[in-house]
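Written out below as structure tokens is the structure these notes cover.
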Amino acid sequence: MNAEFSGLTAIVTGGASGIGRAVAELLLEGGANVAVLDLNPTDAPEQALGLRCDVSDRASVDAAVEAAAQEYGGIDIVINNAGIGAQGQVDANDDDEWDRVLSVNVVSVARVTAAALPHLRRSDHAAVVNTSSVAATAGLPDRVLYSATKGAIYSMTLAMAADHVREGIRVNAVCPGTANTPWVMKGLMAKAEDPAEELRQLNARQPHGRLVEPAEVARTIVFLASPLQGSTTGTALAVDGGMQGLRLRPQ
Ligand code: NAD
């Protein structure tokens with residue numbers, strides 16, 4: 001990776017773990033200033049500015065985005081990546097749970113992007129990348145609420161891209177398949193009697209026979225955020241071992 005992000009400032013929500021941390025590391029490698037907005041900012045990469053932020057709280061988001069802009073003199077890139085899971089069929093989650101997960105996964109994208117918008121408008125290389133999921137379009141069993149949030153992120157990406165294309169602000173998304181992150185591993189360990197066997201089966205269920213690596217998703221996010229991709233907006237790139245492209249259903 002060359003220094004294509006030199007002089008640019010990025011904020012990465014959920015940048016203290018998994019996919020977001022890998023994005024923050026790559027952006028730093030590419031020469032960007034990086035602010036990580038996360039519930040656990042101490043786990044952010046050392047060279048990043050770690051800011052404690054709850055993306056489900058507007059005041060917390062506004063304060064963190066302004067702190068990042070003050071520190072670095074602006075914001076060019078927003079990576080809306082923080083997200084949480086939710087399991088179950090349509091009757092599994094009560095209204096409070098719907099509100100909570102929608103707030104963290106979906107409304108956060110609006111909160112963070114809106115707070116950064118005045119800064120993005122002043123940038124010559126403004127880009128927003130949102131982390132959706134294969135769940136947006138795959139019809140995953142037992143994931144109604146989670147799928148709803150990721151579908152919303154997908155359609156918000158297109159609408160936001162249309163709204164801001166004339167202002168030079170690009171908006172894209174990535175749709176990862178099941179990735180080898182702390183979140184997925186914790187879930188596996190919690191429910192499996194034999195985690196090693198469960199992991200073997202999970203790998204085997206992926207089209208390409210293994211989990212997606214966080215670094216693979218991160219490279220795609222960074223590609224979309226790059227000032228070298230000035231004509232790419234309103235797209236959602238799959239990083240899922242072929243699940244979407246081959247129109248496979250999760251096994
Ligand atoms: P992760 O749990 O490893 O990391 C998520 C990070 O988000 C953590 O650092 C956490 O502290 C932070 N976070 C959670 N709630 C927050 C809040 N309210 N405010 C601020 N920060 C908060 O997860 P991951 O697997 O790296 O997932 C990252 C994103 O990728 C999520 O949006 C997830 O839906 C999406 N995704 C993950 C997978 C997968 O298989 N891991 C697949 C598709 C999409």
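Just so we're on the same page: first chain in the structure tokens is A, next is B, and so on; residues restart at 1 for each chain, and ligands are numbered from 1 in the order they show up.
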Could you report the residues within 6 Å of ligand 1, using only C-alpha atoms and all ligand atoms, as a tab-separated table (two decimals) with C-alpha atoms, in the first residue's frame?
```tsv
chain	number	residue	atom	x	y	z
A	13	THR	CA	-16.62	3.47	13.87
A	14	GLY	CA	-16.10	0.12	15.55
A	15	GLY	CA	-12.41	0.47	14.76
A	16	ALA	CA	-11.22	-1.26	17.92
A	17	SER	CA	-11.96	-4.83	16.82
A	18	GLY	CA	-12.36	-7.14	13.86
A	19	ILE	CA	-13.04	-5.58	10.46
A	20	GLY	CA	-12.93	-1.98	11.72
A	38	ASP	CA	-15.72	2.91	19.63
A	39	LEU	CA	-17.16	1.81	22.96
A	40	ASN	CA	-13.66	0.43	23.73
A	53	CYS	CA	-18.23	6.92	21.44
A	54	ASP	CA	-21.57	5.14	21.51
A	55	VAL	CA	-22.89	5.34	17.95
A	56	SER	CA	-26.43	4.84	19.27
A	81	ASN	CA	-18.63	-0.03	10.46
A	82	ALA	CA	-19.80	-0.43	14.09
A	83	GLY	CA	-22.51	-3.02	14.34
A	84	ILE	CA	-24.00	-5.70	16.54
A	104	VAL	CA	-26.71	0.85	16.67
A	131	THR	CA	-20.43	-2.03	6.28
A	132	SER	CA	-23.54	-3.88	5.17
A	133	SER	CA	-23.52	-7.70	4.94
A	176	PRO	CA	-19.02	-9.26	3.82
A	177	GLY	CA	-19.83	-12.92	4.25
A	178	THR	CA	-19.13	-14.66	7.57
A	179	ALA	CA	-15.79	-13.28	8.69
A	181	THR	CA	-13.64	-11.76	13.72
A	182	PRO	CA	-13.84	-11.76	17.55
A	183	TRP	CA	-17.62	-11.37	17.29
A	184	VAL	CA	-18.09	-14.53	15.19
```
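Counting only C-alpha atoms, A:Trp98 has the following residues at most 12 Å away, ignoring those fewer than 3 positions along the same chain: Ile84, Gly85, Ala86, Gln87, Gly88, Val90, Asp91, Ala92, Asn93, Asp94, Asp95, Val101, Leu102, Ser103, Val104, Asn105, Val106, Val107, Val144, Leu145, Tyr146, Ser147, Ala148 and Thr149 of chain A.
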Using 8 Å as the limit and counting only C-alpha atoms, can you tabulate each residue of stretch 133-174 of chain A that touches stretch 215-227 of chain A, with its shortest atom-to-atom distance in Å and the two atoms involved, as a Markdown table?
```
| residue | atom | partner | partner_atom | distance |
| --- | --- | --- | --- | --- |
| A:Asn172 | CA | A:Leu224 | CA | 6.8 |
| A:Ala173 | CA | A:Ile221 | CA | 7.7 |
| A:Val174 | CA | A:Ile221 | CA | 6.6 |
```
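Shortest atom-to-atom contact with A:Val128 among A:Asn180, A:Thr233, A:Ser6, A:Ser60: A:Thr233, counting only C-alpha atoms.
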_Between A:Val61, A:Glu213, A:Ala127, A:Glu25, which residue has the minimum interatomic distance to A:Glu46, considering only C-alpha atoms?_
A:Glu25
_Using DSSP secondary structure from the backbone, list all strand (DSSP E) positions within stretch 24-243 of chain A, as a ChimeraX atom specification._
/A:33-38,49-52,77-80,127-131,170-176,236-239
Suppose we keep C-alpha atoms; can you now write the selection as an mmCIF file, in the first residue's frame?
```cif
data_model
loop_
_atom_site.group_PDB
_atom_site.id
_atom_site.type_symbol
_atom_site.label_atom_id
_atom_site.label_comp_id
_atom_site.auth_asym_id
_atom_site.auth_seq_id
_atom_site.Cartn_x
_atom_site.Cartn_y
_atom_site.Cartn_z
ATOM 1 C CA ASN A 33 -4.871 10.340 10.188
ATOM 2 C CA VAL A 34 -7.325 7.928 11.805
ATOM 3 C CA ALA A 35 -9.814 8.482 14.611
ATOM 4 C CA VAL A 36 -11.473 5.358 15.977
ATOM 5 C CA LEU A 37 -14.943 5.886 17.440
ATOM 6 C CA ASP A 38 -15.722 2.909 19.627
ATOM 7 C CA LEU A 49 -6.835 8.665 17.983
ATOM 8 C CA GLY A 50 -9.135 6.500 20.107
ATOM 9 C CA LEU A 51 -12.363 8.273 21.015
ATOM 10 C CA ARG A 52 -14.945 6.751 23.306
ATOM 11 C CA ILE A 77 -13.418 9.757 5.049
ATOM 12 C CA VAL A 78 -16.142 8.145 7.142
ATOM 13 C CA ILE A 79 -16.171 4.385 7.662
ATOM 14 C CA ASN A 80 -19.531 3.406 9.191
ATOM 15 C CA ALA A 127 -15.805 9.254 0.802
ATOM 16 C CA VAL A 128 -18.174 7.271 2.988
ATOM 17 C CA VAL A 129 -18.038 3.475 3.178
ATOM 18 C CA ASN A 130 -20.727 1.554 5.039
ATOM 19 C CA THR A 131 -20.430 -2.027 6.283
ATOM 20 C CA ARG A 170 -18.822 9.280 -2.755
ATOM 21 C CA VAL A 171 -20.833 6.698 -0.799
ATOM 22 C CA ASN A 172 -20.296 2.959 -1.157
ATOM 23 C CA ALA A 173 -20.813 -0.213 0.854
ATOM 24 C CA VAL A 174 -19.236 -3.599 1.418
ATOM 25 C CA CYS A 175 -21.220 -6.765 1.971
ATOM 26 C CA PRO A 176 -19.020 -9.262 3.824
ATOM 27 C CA ALA A 236 -21.939 -2.396 -2.825
ATOM 28 C CA LEU A 237 -19.054 -4.827 -3.180
ATOM 29 C CA ALA A 238 -19.448 -8.388 -1.955
ATOM 30 C CA VAL A 239 -16.576 -9.970 -0.005
#
```
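Ranking A:Leu246, A:Glu4, A:Pro45, A:Gly187 by their shortest atom-to-atom distance to A:Ala22, with only C-alpha atoms included, puts A:Pro45 first.
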*asked:* So that I can see what lies close to A:Ser123, please list as a ChimeraX atom specification the residues with an atom at most 10 Å from it, counting only C-alpha atoms and leaving out residues fewer than 4 positions away in the same chain.
replied: /A:8-9,74-77,117-119,127,167-169
*Report as a PyMOL selection string: the residues of stretch 123-205 of chain A with a DSSP assignment of helix (DSSP H, G or I), based on the backbone of this structure.*
chain A and resi 135-138+144-167+182-191+195-205
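Among the candidate residues A:Pro41, A:Gly30, A:Gly139, A:Gly7, the one lying nearest to A:Gln244 is A:Gly139, with distances computed using only C-alpha atoms.
Across the model, the gap from atom CA of A:Leu248 to atom CA of A:Glu198 is 20.9 Å.
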*Which residues come within 6 Å of A:Asp62, counting only C-alpha atoms, excluding same-chain residues fewer than 3 positions away, as an MDAnalysis selection string?*
chainID A and resid 59 65 115
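The gap separating atom CA of A:Ala116 from atom CA of A:Ala69 is 8.4 Å, in Å to one decimal.
Atom CA of A:Met160 is found 10.6 Å from atom CA of A:Ala114.
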